[in-house]
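First comes the structure, then the notes that go with it.
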Amino acid sequence: MGPLGRRDAFRFLSLMTACAKRTAQPLDLDGLCNKAELDAQTAETWIHLLEDLGIVCLVPPLESALGRRPSSRAGRTPLLHFMDTGLACHLASLNSPDELRFGPLYRPIFRSFVASEIMKTWLAAGRELAKFSYLFDGERRELDLVLREGDVLHPVKVDMGRAARADEAQREFASLQGVDGCELGWGEVVCLARAAGVAGRGVVVTPVWQI
């Protein structure tokens, strides 16, 4: 059975399955421990192993990425993304497109698909994932990815609609101006639009199938 042994192999698979079902959500170590029947230390070790293997990615919140002291627990919790959304669907027993589309995992799987494809493209170019963070906060800002290049922040927002909500995106993107002395660069909305375009000043619209 290899180095894990039969019992641990099943628990490792249970942990992977629990991660798949919690993709695009803040990391909940206690919840994962309960589902996989693991102690916290083992769960944390195995999650880092999954991260090293490229199966999951833990994206830090913007405050932590900027080296700030988090103002809330949410500011300390990384976002868990399952990097292979096809495997995530398999582990979650989603056996058809309709089961995914009409089930509770549709939105998180969609968000993780976009985030993982962007990060894979970044990795393929020989760059570091450490440049990425995310921002979900009490001010109703939801930025799935924030890419930092030098002193410039580039926000990415995932939208499930067929058209980008330009006003909302511009407002959320503009809130990053001056954060940690950084400038606001181009922002991107990835959605179900038919064609790429511009939705306002500094806002690029990208159809999900073009990422």
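Following the order of the structure tokens, chains are lettered A, B, ..., residues in each are numbered from 1, and ligands are numbered from 1.
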Shell of 8 Å around range 55-58 of chain A, only C-alpha atoms, local chain residues under 5 positions omitted, as a PyMOL selection string | chain A and resi 27+47+50+78-84
Output file for the selection above: C-alpha atoms, as a PDB file, in the first residue's frame:
```
ATOM      1  CA  LEU A  27      -9.600  26.941   4.701  1.00  0.00           C
ATOM      2  CA  ILE A  47      -2.788  19.688   3.180  1.00  0.00           C
ATOM      3  CA  LEU A  50      -1.419  18.330  -1.408  1.00  0.00           C
ATOM      4  CA  PRO A  78      -6.176  31.373   3.172  1.00  0.00           C
ATOM      5  CA  LEU A  79      -8.586  30.485   0.394  1.00  0.00           C
ATOM      6  CA  LEU A  80      -8.503  26.836  -0.657  1.00  0.00           C
ATOM      7  CA  HIS A  81      -8.570  26.140  -4.393  1.00  0.00           C
ATOM      8  CA  PHE A  82      -8.630  22.647  -5.882  1.00  0.00           C
ATOM      9  CA  MET A  83      -6.390  23.040  -8.926  1.00  0.00           C
ATOM     10  CA  ASP A  84      -7.930  20.264 -11.049  1.00  0.00           C
TER      11      ASP A  84
END
```
Using only C-alpha atoms, find each residue in range 46-153 of chain A having at least one atom no more than 10 Å away from range 165-188 of chain A; report its shortest atom-to-atom pair and that distance in Å (one decimal), rows by chain then rising number, as a tab-separated table.
```
residue	atom	partner	partner_atom	distance
A:Leu62	CA	A:Val179	CA	9.9
A:Glu63	CA	A:Asp180	CA	9.5
A:Leu66	CA	A:Asp180	CA	7.2
A:Gly67	CA	A:Asp180	CA	9.4
A:Arg68	CA	A:Asp180	CA	9.0
A:Leu135	CA	A:Glu172	CA	10.0
A:Glu139	CA	A:Glu172	CA	9.4
A:Arg140	CA	A:Glu172	CA	8.6
A:Arg141	CA	A:Glu172	CA	5.8
A:Glu142	CA	A:Glu172	CA	7.6
A:Leu143	CA	A:Glu172	CA	7.8
A:Leu145	CA	A:Glu188	CA	9.7
A:Val146	CA	A:Gly187	CA	9.0
A:Leu147	CA	A:Gly185	CA	9.6
A:Arg148	CA	A:Cys182	CA	8.8
A:Glu149	CA	A:Gly185	CA	9.2
A:Gly150	CA	A:Cys182	CA	8.3
A:Asp151	CA	A:Cys182	CA	4.7
A:Val152	CA	A:Glu183	CA	4.8
A:Leu153	CA	A:Leu184	CA	5.2
```
What does the distance from CA of Cys89 in chain A to CA of Phe10 in chain A come to in Å, to one decimal?
-> 18.3 Å
Looking only at the backbone, which of the residues in chain A does DSSP tag as strand (DSSP E or B), as an MDAnalysis selection string?
-> chainID A and resid 25:26 56:59 61 79:82 132:136 142:149 152:158 183:184 187:191 197:200 203:207
Suppose we keep C-alpha atoms; can you now write the selection as an mmCIF file, in the first residue's frame?
```cif
data_model
loop_
_atom_site.group_PDB
_atom_site.id
_atom_site.type_symbol
_atom_site.label_atom_id
_atom_site.label_comp_id
_atom_site.auth_asym_id
_atom_site.auth_seq_id
_atom_site.Cartn_x
_atom_site.Cartn_y
_atom_site.Cartn_z
ATOM 1 C CA GLN A 25 -13.780 28.615 0.364
ATOM 2 C CA PRO A 26 -11.623 29.814 3.273
ATOM 3 C CA VAL A 56 -4.567 22.333 -4.036
ATOM 4 C CA CYS A 57 -3.427 25.919 -3.695
ATOM 5 C CA LEU A 58 -3.791 28.059 -0.577
ATOM 6 C CA VAL A 59 -4.172 31.686 -1.626
ATOM 7 C CA PRO A 61 -5.754 37.081 2.020
ATOM 8 C CA LEU A 79 -8.586 30.485 0.394
ATOM 9 C CA LEU A 80 -8.503 26.836 -0.657
ATOM 10 C CA HIS A 81 -8.570 26.140 -4.393
ATOM 11 C CA PHE A 82 -8.630 22.647 -5.882
ATOM 12 C CA PHE A 132 -1.352 36.201 -5.708
ATOM 13 C CA SER A 133 -3.801 36.945 -2.901
ATOM 14 C CA TYR A 134 -7.562 37.408 -2.553
ATOM 15 C CA LEU A 135 -9.937 39.863 -0.908
ATOM 16 C CA PHE A 136 -13.328 39.041 0.627
ATOM 17 C CA GLU A 142 -15.100 40.067 -3.451
ATOM 18 C CA LEU A 143 -11.928 39.875 -5.498
ATOM 19 C CA ASP A 144 -11.068 36.292 -6.336
ATOM 20 C CA LEU A 145 -7.444 37.099 -7.106
ATOM 21 C CA VAL A 146 -5.223 40.108 -6.584
ATOM 22 C CA LEU A 147 -1.946 39.967 -8.470
ATOM 23 C CA ARG A 148 0.905 42.160 -7.295
ATOM 24 C CA GLU A 149 3.574 43.168 -9.803
ATOM 25 C CA VAL A 152 0.972 47.670 -8.950
ATOM 26 C CA LEU A 153 -2.096 45.626 -7.941
ATOM 27 C CA HIS A 154 -4.178 43.859 -10.592
ATOM 28 C CA PRO A 155 -7.563 42.587 -9.323
ATOM 29 C CA VAL A 156 -9.464 39.686 -10.890
ATOM 30 C CA LYS A 157 -13.174 39.175 -10.276
ATOM 31 C CA VAL A 158 -15.138 36.085 -11.315
ATOM 32 C CA GLU A 183 -1.068 51.796 -7.691
ATOM 33 C CA LEU A 184 -4.112 50.200 -9.268
ATOM 34 C CA GLY A 187 -8.503 44.802 -13.553
ATOM 35 C CA GLU A 188 -10.107 41.774 -15.139
ATOM 36 C CA VAL A 189 -13.635 40.390 -14.943
ATOM 37 C CA VAL A 190 -13.912 36.773 -16.065
ATOM 38 C CA CYS A 191 -17.485 35.865 -16.935
ATOM 39 C CA GLY A 197 -13.874 43.638 -24.375
ATOM 40 C CA VAL A 198 -13.561 46.640 -22.086
ATOM 41 C CA ALA A 199 -16.285 47.398 -19.539
ATOM 42 C CA GLY A 200 -15.019 50.735 -18.327
ATOM 43 C CA VAL A 203 -11.657 46.977 -16.579
ATOM 44 C CA VAL A 204 -11.039 44.197 -19.095
ATOM 45 C CA VAL A 205 -13.716 41.558 -19.725
ATOM 46 C CA THR A 206 -12.526 38.039 -20.533
ATOM 47 C CA PRO A 207 -14.838 35.146 -21.483
#
```
note - CA of Leu192 in chain A and CA of Thr17 in chain A are separated by 27.6 Å
Tell me which protein, DNA and RNA residues are within 10 Å of Arg107 in chain A, counting only C-alpha atoms, leaving out same-chain ones fewer than 3 positions away, and put them as a PyMOL selection string.
-> chain A and resi 23-24+100-104+110-113+158-160
Keeping N, CA and C atoms, export the residues of the selection given above as a compact mmCIF listing (two decimals), in the first residue's frame.
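Result file follows (out_4.txt):
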```
# COMPACT_ATOMS: atom_id res chain seq x y z
N THR A 23 -13.80 23.65 -2.16
CA THR A 23 -12.97 24.50 -3.01
C THR A 23 -13.56 25.90 -3.11
N ALA A 24 -12.67 26.88 -3.27
CA ALA A 24 -13.04 28.30 -3.35
C ALA A 24 -13.65 28.82 -2.06
N LEU A 100 -23.47 19.10 -11.91
CA LEU A 100 -22.65 20.23 -11.49
C LEU A 100 -23.44 21.53 -11.59
N ARG A 101 -24.04 21.76 -12.75
CA ARG A 101 -24.69 23.05 -13.02
C ARG A 101 -25.82 23.35 -12.05
N PHE A 102 -26.58 22.35 -11.66
CA PHE A 102 -27.73 22.59 -10.81
C PHE A 102 -27.48 22.23 -9.34
N GLY A 103 -26.23 21.99 -9.00
CA GLY A 103 -25.88 21.65 -7.62
C GLY A 103 -25.19 22.79 -6.90
N PRO A 104 -24.95 22.63 -5.61
CA PRO A 104 -24.37 23.70 -4.80
C PRO A 104 -22.91 24.00 -5.09
N PHE A 110 -16.69 26.80 -10.48
CA PHE A 110 -16.46 27.81 -11.52
C PHE A 110 -15.35 28.77 -11.09
N ARG A 111 -15.44 29.24 -9.85
CA ARG A 111 -14.44 30.19 -9.36
C ARG A 111 -13.06 29.54 -9.29
N SER A 112 -13.01 28.30 -8.84
CA SER A 112 -11.71 27.63 -8.75
C SER A 112 -11.15 27.32 -10.13
N PHE A 113 -12.03 27.02 -11.09
CA PHE A 113 -11.56 26.79 -12.46
C PHE A 113 -10.86 28.03 -12.99
N VAL A 158 -14.40 37.11 -10.57
CA VAL A 158 -15.14 36.08 -11.31
C VAL A 158 -16.62 36.39 -11.21
N ASP A 159 -17.28 36.46 -12.35
CA ASP A 159 -18.71 36.79 -12.41
C ASP A 159 -19.43 35.68 -13.16
N MET A 160 -20.51 35.19 -12.59
CA MET A 160 -21.25 34.08 -13.20
C MET A 160 -22.18 34.55 -14.32
```
Taking into account only C-alpha atoms, which residue in the set A:Ala163, A:Ala193, A:Ala65, A:Ala92 is nearest to Thr77 in chain A?
-> A:Ala65
